[in-house]
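Participant: Sharing a structure below in structure tokens format, with a few things to ask.
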Amino acid sequence: MTSLAPAQLRLAYFGDDFTGSTDALEFLARAGLRTALFLEPPSRERLAAMPPLDAVGVAGLTRSLPPAEMETVLRPAFAALRGLAPRHVHYKVCSTFDSSPQIGSIGRAIDVGVSIFGGRYVPLLVGAPALGRYCAFGNLFARMGIGSDGEIFRLDRHPSMSRHPVTPADEADLRLHLAKQTAKRIGLFDVLKLDLPAGDAHAALERLVAGGAEIVLFDVMRAEQLARIGALIDSAAGDAPAFSVGSSGIEMALGAHWAEQGSVRSRTDWPPPARVDRMLVVSGSCSPVTAGQIDWALAHGFVGVPLDAHTLAIDPAIAAAREALRAGKSPIVFTARGQQTAAPAPAAKLGRALGTISRILVESESLSRVLVAGGDTSSYAARALGVEAVEMIAPLAPGAPLCRAHSTSRAVDGLEVNFKGGQVGAPDYFGAVQRGAL
């Protein structure tokens, strides 16, 4: 397909953390849209200096911020994205809707977005069947482990998300959860309406909005329903960018709709990544899924390097990881193996420590691939590592592609990086990323 000029971007998104941002990057790339992910909103001049892009993303860190700080970040970021004149602007959140009135408030992000973009209503799509996320009659269900065959739980009964150390899920009905964060009225486009003929579905959506819904939550249970949802969301776009909120289900839905229209062509020809002999893993994840992956890796030749999550003394960790690398081994620097019994350092400090360790080892040991595990810490780790932008190399697990970093640091520029959320991957995930294939 012919790429669009920067002034004709199909979509621009702002991710509330880095792992979630690479998730959206992957599904745009799979849909056939040339996409780059930046750590700061790119200017028109920056985009003009690059090969033509169809979509751009910004990897933020608002998931770990209180609402007032979120607004300070989001107002200029949304204004900058509006200035690029895309057809859609998407505030990308985790597919487990990690948020609360105190931290990572999705409601505050919606309020700010509406003040910048306007629009008759805000589409909200959280379910993503490819990631094991399903929404039925407003309630979110999540598989235990993305890219695995784990059991599916209602969110407030999920063994990991119900015990999240920062934003534990205590309500599966997303309307009730979100109502604690915004005063806007929330309507539901339920799963039964998705089976209506196209004209009837549009009429049902119009009735919801005419009845006062300022936010419309879309159910989704099957991948085949995404094109219908994408058509409904795309119909909200006009002269100004249409503002939406949700998981990478937004990218999946719009991509499916555009493919159905014939205006994009899905890409499947990804070159397989090569195996690397040594790989650095840094993990700030408290997820039991990641804990299982650490256990598997330590039983299969990786070297564990614990980093105290309270003191964050990085020098001993760097020394131990360097020793492992020079012995031809792959170290895992981790701050937790499962749920914490006491509160660790804030995500910002954890992420910066892990990113600093990564940067020092990449520079001194000539590493070519780094894996960063943990959603809350990933944005800080990426910045401390020196990453300025990434493009997708190839898919690995759903929602966690292998990417190539762009940086002013010669050691980091061209580095292969994989950012994975706590719920992503099968037990052998670390070994599979080192092999370059799952």
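Identifiers in this document derive from the order of the structure tokens: chains are assigned A, B, ..., residues are numbered from 1 separately in each chain, and ligands are numbered from 1 in order of occurrence.
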DSSP on the backbone, helix (DSSP H, G or I) only: what residues of range 51-269 of chain A does that give? Format it as a compact mmCIF listing (two decimals) with N, CA and C atoms, in the first residue's frame.

Facilitator:
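Okay, result_33.txt is ready:
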```txt
# COMPACT_ATOMS: atom_id res chain seq x y z
N THR A 62 2.04 7.49 32.03
CA THR A 62 0.94 7.99 32.84
C THR A 62 0.28 6.91 33.69
N ARG A 63 0.49 5.65 33.34
CA ARG A 63 -0.09 4.57 34.14
C ARG A 63 0.38 4.61 35.59
N SER A 64 1.54 5.21 35.83
CA SER A 64 2.11 5.22 37.18
C SER A 64 2.01 6.58 37.85
N PRO A 67 -3.51 11.66 39.07
CA PRO A 67 -4.26 12.38 38.04
C PRO A 67 -3.74 13.77 37.70
N ALA A 68 -3.35 14.57 38.69
CA ALA A 68 -2.87 15.93 38.39
C ALA A 68 -1.61 15.88 37.54
N GLU A 69 -0.70 14.96 37.84
CA GLU A 69 0.52 14.83 37.03
C GLU A 69 0.20 14.27 35.65
N MET A 70 -0.77 13.36 35.58
CA MET A 70 -1.21 12.86 34.28
C MET A 70 -1.65 14.01 33.39
N GLU A 71 -2.47 14.89 33.94
CA GLU A 71 -3.00 15.99 33.15
C GLU A 71 -1.88 16.91 32.66
N THR A 72 -0.89 17.13 33.51
CA THR A 72 0.25 17.97 33.12
C THR A 72 0.98 17.37 31.91
N VAL A 73 1.05 16.04 31.84
CA VAL A 73 1.70 15.36 30.72
C VAL A 73 0.78 15.30 29.50
N LEU A 74 -0.48 14.98 29.72
CA LEU A 74 -1.37 14.66 28.61
C LEU A 74 -1.82 15.88 27.82
N ARG A 75 -2.01 17.03 28.49
CA ARG A 75 -2.50 18.19 27.74
C ARG A 75 -1.57 18.58 26.59
N PRO A 76 -0.27 18.78 26.84
CA PRO A 76 0.60 19.12 25.71
C PRO A 76 0.79 17.95 24.74
N ALA A 77 0.78 16.72 25.25
CA ALA A 77 0.96 15.56 24.36
C ALA A 77 -0.22 15.42 23.41
N PHE A 78 -1.44 15.52 23.94
CA PHE A 78 -2.61 15.43 23.08
C PHE A 78 -2.66 16.59 22.09
N ALA A 79 -2.28 17.78 22.53
CA ALA A 79 -2.28 18.93 21.62
C ALA A 79 -1.28 18.70 20.49
N ALA A 80 -0.12 18.13 20.83
CA ALA A 80 0.89 17.85 19.80
C ALA A 80 0.38 16.81 18.80
N LEU A 81 -0.30 15.78 19.29
CA LEU A 81 -0.82 14.76 18.38
C LEU A 81 -1.95 15.33 17.53
N ARG A 82 -2.77 16.18 18.11
CA ARG A 82 -3.81 16.83 17.31
C ARG A 82 -3.18 17.64 16.17
N GLY A 83 -2.05 18.28 16.46
CA GLY A 83 -1.36 19.07 15.45
C GLY A 83 -0.86 18.27 14.27
N ILE A 106 -7.80 6.45 34.16
CA ILE A 106 -8.26 6.48 32.78
C ILE A 106 -9.38 7.51 32.63
N GLY A 107 -10.15 7.70 33.68
CA GLY A 107 -11.18 8.74 33.65
C GLY A 107 -10.60 10.12 33.45
N ARG A 108 -9.49 10.43 34.14
CA ARG A 108 -8.87 11.74 33.95
C ARG A 108 -8.35 11.88 32.52
N ALA A 109 -7.77 10.82 31.98
CA ALA A 109 -7.28 10.87 30.60
C ALA A 109 -8.43 11.14 29.63
N ILE A 110 -9.59 10.54 29.87
CA ILE A 110 -10.75 10.79 29.02
C ILE A 110 -11.19 12.25 29.14
N ASP A 111 -11.26 12.77 30.35
CA ASP A 111 -11.67 14.16 30.55
C ASP A 111 -10.73 15.11 29.81
N VAL A 112 -9.42 14.87 29.91
CA VAL A 112 -8.46 15.72 29.22
C VAL A 112 -8.62 15.57 27.71
N GLY A 113 -8.76 14.34 27.25
CA GLY A 113 -8.89 14.10 25.81
C GLY A 113 -10.10 14.80 25.22
N VAL A 114 -11.23 14.74 25.91
CA VAL A 114 -12.43 15.40 25.41
C VAL A 114 -12.24 16.90 25.34
N SER A 115 -11.52 17.47 26.32
CA SER A 115 -11.30 18.92 26.30
C SER A 115 -10.41 19.35 25.14
N ILE A 116 -9.57 18.44 24.64
CA ILE A 116 -8.68 18.75 23.51
C ILE A 116 -9.34 18.43 22.17
N PHE A 117 -10.01 17.28 22.08
CA PHE A 117 -10.49 16.78 20.80
C PHE A 117 -11.99 16.97 20.60
N PRO A 129 -9.47 -10.20 21.95
CA PRO A 129 -9.45 -11.66 21.96
C PRO A 129 -8.08 -12.27 21.67
N ALA A 130 -7.28 -11.63 20.82
CA ALA A 130 -5.95 -12.17 20.53
C ALA A 130 -5.05 -12.20 21.76
N LEU A 131 -5.37 -11.36 22.75
CA LEU A 131 -4.60 -11.30 23.98
C LEU A 131 -5.27 -12.06 25.13
N LEU A 155 -12.17 -10.38 35.96
CA LEU A 155 -11.01 -9.58 36.36
C LEU A 155 -10.84 -9.48 37.87
N ASP A 156 -11.96 -9.32 38.60
CA ASP A 156 -11.83 -9.16 40.05
C ASP A 156 -11.53 -10.47 40.77
N ARG A 157 -11.47 -11.58 40.02
CA ARG A 157 -11.09 -12.87 40.58
C ARG A 157 -9.80 -13.40 39.95
N MET A 161 -4.20 -10.02 38.64
CA MET A 161 -4.68 -8.64 38.57
C MET A 161 -5.48 -8.23 39.79
N SER A 162 -6.15 -9.16 40.44
CA SER A 162 -6.88 -8.81 41.65
C SER A 162 -5.94 -8.49 42.81
N ARG A 163 -4.65 -8.84 42.63
CA ARG A 163 -3.65 -8.59 43.67
C ARG A 163 -2.52 -7.69 43.18
N LEU A 174 -16.54 -2.69 33.96
CA LEU A 174 -15.72 -1.53 33.63
C LEU A 174 -16.49 -0.22 33.76
N ARG A 175 -17.80 -0.27 33.65
CA ARG A 175 -18.58 0.95 33.83
C ARG A 175 -18.50 1.42 35.29
N LEU A 176 -18.62 0.50 36.21
CA LEU A 176 -18.52 0.86 37.62
C LEU A 176 -17.10 1.28 37.99
N HIS A 177 -16.13 0.57 37.44
CA HIS A 177 -14.73 0.91 37.70
C HIS A 177 -14.42 2.33 37.21
N LEU A 178 -14.83 2.62 35.97
CA LEU A 178 -14.53 3.92 35.37
C LEU A 178 -15.33 5.05 36.02
N ALA A 179 -16.51 4.74 36.50
CA ALA A 179 -17.35 5.78 37.13
C ALA A 179 -16.72 6.36 38.39
N LYS A 193 -25.65 -6.59 20.44
CA LYS A 193 -25.79 -5.59 19.38
C LYS A 193 -24.75 -5.79 18.28
N LEU A 194 -23.63 -6.47 18.60
CA LEU A 194 -22.60 -6.69 17.59
C LEU A 194 -23.07 -7.62 16.47
N ASP A 195 -24.11 -8.40 16.74
CA ASP A 195 -24.62 -9.32 15.73
C ASP A 195 -25.71 -8.70 14.86
N ALA A 198 -25.35 -4.15 9.80
CA ALA A 198 -24.55 -2.94 9.93
C ALA A 198 -25.40 -1.70 10.18
N GLY A 199 -26.45 -1.53 9.41
CA GLY A 199 -27.29 -0.35 9.58
C GLY A 199 -27.96 -0.31 10.94
N ASP A 200 -28.42 -1.46 11.41
CA ASP A 200 -29.07 -1.52 12.71
C ASP A 200 -28.06 -1.27 13.84
N ALA A 201 -26.83 -1.74 13.66
CA ALA A 201 -25.79 -1.50 14.67
C ALA A 201 -25.48 -0.01 14.77
N HIS A 202 -25.37 0.67 13.63
CA HIS A 202 -25.14 2.11 13.66
C HIS A 202 -26.30 2.83 14.32
N ALA A 203 -27.51 2.40 14.04
CA ALA A 203 -28.69 3.03 14.64
C ALA A 203 -28.70 2.81 16.16
N ALA A 204 -28.30 1.62 16.60
CA ALA A 204 -28.24 1.34 18.04
C ALA A 204 -27.21 2.23 18.72
N LEU A 205 -26.07 2.44 18.06
CA LEU A 205 -25.05 3.33 18.61
C LEU A 205 -25.57 4.75 18.68
N GLU A 206 -26.26 5.20 17.66
CA GLU A 206 -26.81 6.55 17.66
C GLU A 206 -27.81 6.74 18.79
N ARG A 207 -28.60 5.71 19.07
CA ARG A 207 -29.57 5.83 20.17
C ARG A 207 -28.86 5.95 21.52
N LEU A 208 -27.75 5.22 21.69
CA LEU A 208 -26.99 5.33 22.94
C LEU A 208 -26.47 6.75 23.12
N VAL A 209 -25.90 7.32 22.06
CA VAL A 209 -25.32 8.66 22.15
C VAL A 209 -26.42 9.71 22.32
N ALA A 210 -27.49 9.56 21.57
CA ALA A 210 -28.61 10.50 21.71
C ALA A 210 -29.23 10.43 23.09
N ALA A 223 -12.76 -12.44 17.68
CA ALA A 223 -11.99 -11.61 16.76
C ALA A 223 -12.83 -11.17 15.57
N GLU A 224 -13.80 -12.00 15.16
CA GLU A 224 -14.61 -11.66 13.99
C GLU A 224 -15.49 -10.44 14.24
N GLN A 225 -15.68 -10.06 15.49
CA GLN A 225 -16.52 -8.91 15.81
C GLN A 225 -15.76 -7.59 15.69
N LEU A 226 -14.44 -7.66 15.56
CA LEU A 226 -13.63 -6.43 15.61
C LEU A 226 -13.87 -5.53 14.41
N ALA A 227 -14.05 -6.10 13.22
CA ALA A 227 -14.27 -5.25 12.04
C ALA A 227 -15.53 -4.42 12.20
N ARG A 228 -16.60 -5.01 12.76
CA ARG A 228 -17.84 -4.26 12.99
C ARG A 228 -17.58 -3.11 13.97
N ILE A 229 -16.85 -3.40 15.06
CA ILE A 229 -16.54 -2.36 16.04
C ILE A 229 -15.68 -1.27 15.38
N GLY A 230 -14.71 -1.71 14.56
CA GLY A 230 -13.85 -0.74 13.87
C GLY A 230 -14.65 0.19 12.97
N ALA A 231 -15.65 -0.35 12.27
CA ALA A 231 -16.49 0.49 11.41
C ALA A 231 -17.25 1.52 12.23
N LEU A 232 -17.75 1.10 13.40
CA LEU A 232 -18.49 2.03 14.26
C LEU A 232 -17.57 3.12 14.80
N ILE A 233 -16.37 2.74 15.22
CA ILE A 233 -15.41 3.73 15.73
C ILE A 233 -14.96 4.66 14.62
N ASP A 234 -14.71 4.11 13.42
CA ASP A 234 -14.22 4.93 12.31
C ASP A 234 -15.27 5.95 11.89
N GLY A 249 -7.00 -3.44 21.29
CA GLY A 249 -8.21 -3.79 20.56
C GLY A 249 -8.64 -2.68 19.62
N ILE A 250 -8.35 -1.41 19.95
CA ILE A 250 -8.65 -0.29 19.04
C ILE A 250 -7.90 -0.47 17.73
N GLU A 251 -6.59 -0.76 17.80
CA GLU A 251 -5.80 -0.96 16.59
C GLU A 251 -6.28 -2.20 15.83
N MET A 252 -6.61 -3.25 16.55
CA MET A 252 -7.11 -4.47 15.90
C MET A 252 -8.43 -4.20 15.19
N ALA A 253 -9.32 -3.45 15.84
CA ALA A 253 -10.63 -3.18 15.27
C ALA A 253 -10.53 -2.28 14.03
N LEU A 254 -9.79 -1.20 14.14
CA LEU A 254 -9.64 -0.31 12.99
C LEU A 254 -8.91 -1.01 11.86
N GLY A 255 -7.85 -1.77 12.20
CA GLY A 255 -7.12 -2.50 11.17
C GLY A 255 -8.02 -3.50 10.45
N ALA A 256 -8.86 -4.22 11.20
CA ALA A 256 -9.78 -5.18 10.58
C ALA A 256 -10.78 -4.48 9.68
N HIS A 257 -11.28 -3.33 10.12
CA HIS A 257 -12.23 -2.56 9.31
C HIS A 257 -11.58 -2.06 8.03
N TRP A 258 -10.38 -1.47 8.15
CA TRP A 258 -9.70 -0.96 6.96
C TRP A 258 -9.34 -2.09 6.00
N ALA A 259 -8.98 -3.26 6.53
CA ALA A 259 -8.69 -4.41 5.67
C ALA A 259 -9.95 -4.86 4.94
N GLU A 260 -11.08 -4.83 5.64
CA GLU A 260 -12.35 -5.21 5.03
C GLU A 260 -12.71 -4.22 3.92
N GLN A 261 -12.36 -2.95 4.12
CA GLN A 261 -12.59 -1.93 3.09
C GLN A 261 -11.64 -2.09 1.91
```

Participant: Could you name the residues that touch range 379-387 of chain A at 10 Å or less, counting only C-alpha atoms, but leaving out those on the same chain fewer than 4 positions away, as number ranges by chain?

Facilitator: A: 15-21, 38-39, 59-64, 282-284, 347-362, 372-375, 404-409, 411-415, 417, 419

Participant: Need the shell around Gly399 in chain A: protein/DNA/RNA residues with any atom at most 12 Å away, counting only C-alpha atoms. Skip same-chain ones fewer than 2 positions apart. Format as a PDB file with C-alpha atoms, in the first residue's frame?

Facilitator:
```pdb
ATOM      1  CA  PHE A  18       6.020   1.236  27.214  1.00  0.00           C
ATOM      2  CA  THR A  19       4.975  -2.408  27.040  1.00  0.00           C
ATOM      3  CA  GLY A  20       1.437  -1.400  26.135  1.00  0.00           C
ATOM      4  CA  SER A  21       2.782   0.966  23.502  1.00  0.00           C
ATOM      5  CA  THR A  22       4.763  -1.782  21.754  1.00  0.00           C
ATOM      6  CA  ASP A  23       1.592  -3.883  21.901  1.00  0.00           C
ATOM      7  CA  ALA A  24      -0.259  -1.261  19.813  1.00  0.00           C
ATOM      8  CA  LEU A  25       2.791  -0.910  17.545  1.00  0.00           C
ATOM      9  CA  GLU A  26       2.639  -4.622  16.785  1.00  0.00           C
ATOM     10  CA  PHE A  27      -1.015  -4.700  15.774  1.00  0.00           C
ATOM     11  CA  LEU A  28      -0.677  -1.637  13.565  1.00  0.00           C
ATOM     12  CA  ALA A  29       2.331  -3.211  11.866  1.00  0.00           C
ATOM     13  CA  ARG A  30       0.461  -6.497  11.452  1.00  0.00           C
ATOM     14  CA  CYS A  94      -3.598  -1.909  29.463  1.00  0.00           C
ATOM     15  CA  SER A  95      -6.015  -4.650  28.423  1.00  0.00           C
ATOM     16  CA  ALA A 128      -8.795  -7.995  22.801  1.00  0.00           C
ATOM     17  CA  PRO A 129      -9.454 -11.659  21.959  1.00  0.00           C
ATOM     18  CA  ALA A 130      -5.952 -12.170  20.529  1.00  0.00           C
ATOM     19  CA  LEU A 131      -4.598 -11.303  23.982  1.00  0.00           C
ATOM     20  CA  GLY A 132      -7.110 -13.414  25.910  1.00  0.00           C
ATOM     21  CA  ARG A 133      -9.192 -10.391  26.957  1.00  0.00           C
ATOM     22  CA  GLY A 145      -0.848 -15.360  30.751  1.00  0.00           C
ATOM     23  CA  ILE A 146      -1.018 -13.692  27.310  1.00  0.00           C
ATOM     24  CA  GLY A 147       0.155 -16.084  24.617  1.00  0.00           C
ATOM     25  CA  SER A 247      -6.417  -1.527  24.683  1.00  0.00           C
ATOM     26  CA  SER A 248      -4.745  -2.497  21.411  1.00  0.00           C
ATOM     27  CA  GLY A 249      -8.212  -3.788  20.562  1.00  0.00           C
ATOM     28  CA  GLU A 251      -5.797  -0.962  16.590  1.00  0.00           C
ATOM     29  CA  MET A 252      -7.107  -4.471  15.902  1.00  0.00           C
ATOM     30  CA  GLY A 375       4.523  -2.758  32.591  1.00  0.00           C
ATOM     31  CA  MET A 392       8.967  -3.450  15.022  1.00  0.00           C
ATOM     32  CA  ALA A 394       9.071  -9.209  14.090  1.00  0.00           C
ATOM     33  CA  PRO A 395       6.234 -10.556  16.233  1.00  0.00           C
ATOM     34  CA  LEU A 396       7.061 -12.842  19.159  1.00  0.00           C
ATOM     35  CA  ALA A 397       4.261 -13.310  21.713  1.00  0.00           C
ATOM     36  CA  PRO A 401       7.099  -7.743  19.512  1.00  0.00           C
ATOM     37  CA  LEU A 402      10.842  -7.680  19.021  1.00  0.00           C
ATOM     38  CA  CYS A 403      11.800  -4.082  18.174  1.00  0.00           C
ATOM     39  CA  ASN A 418      11.617  -6.710  23.748  1.00  0.00           C
ATOM     40  CA  PHE A 419       9.274  -5.100  26.283  1.00  0.00           C
ATOM     41  CA  LYS A 420       6.819  -7.514  27.881  1.00  0.00           C
ATOM     42  CA  GLY A 421       4.034  -6.900  30.356  1.00  0.00           C
ATOM     43  CA  GLY A 422       3.737  -9.061  33.442  1.00  0.00           C
ATOM     44  CA  GLN A 423       0.936 -11.187  31.965  1.00  0.00           C
ATOM     45  CA  VAL A 424       2.669 -11.914  28.645  1.00  0.00           C
ATOM     46  CA  GLY A 425       4.095 -15.221  27.584  1.00  0.00           C
TER      47      GLY A 425
END
```

Participant: Can you work out the spacing between CA of Leu325 in chain A and CA of Ala313 in chain A in Å, to one decimal?

Facilitator: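 Answer for the CA of Leu325 in chain A to CA of Ala313 in chain A separation: 19.3 Å.
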
Participant: Tell me, as a ChimeraX atom specification, which residues lie within 8 Å of range 285-302 of chain A, counting only C-alpha atoms; anything in the same chain fewer than 3 positions away does not count.

Facilitator: /A:144-145,160,164-165,329-332,334-340,373-377,421-431
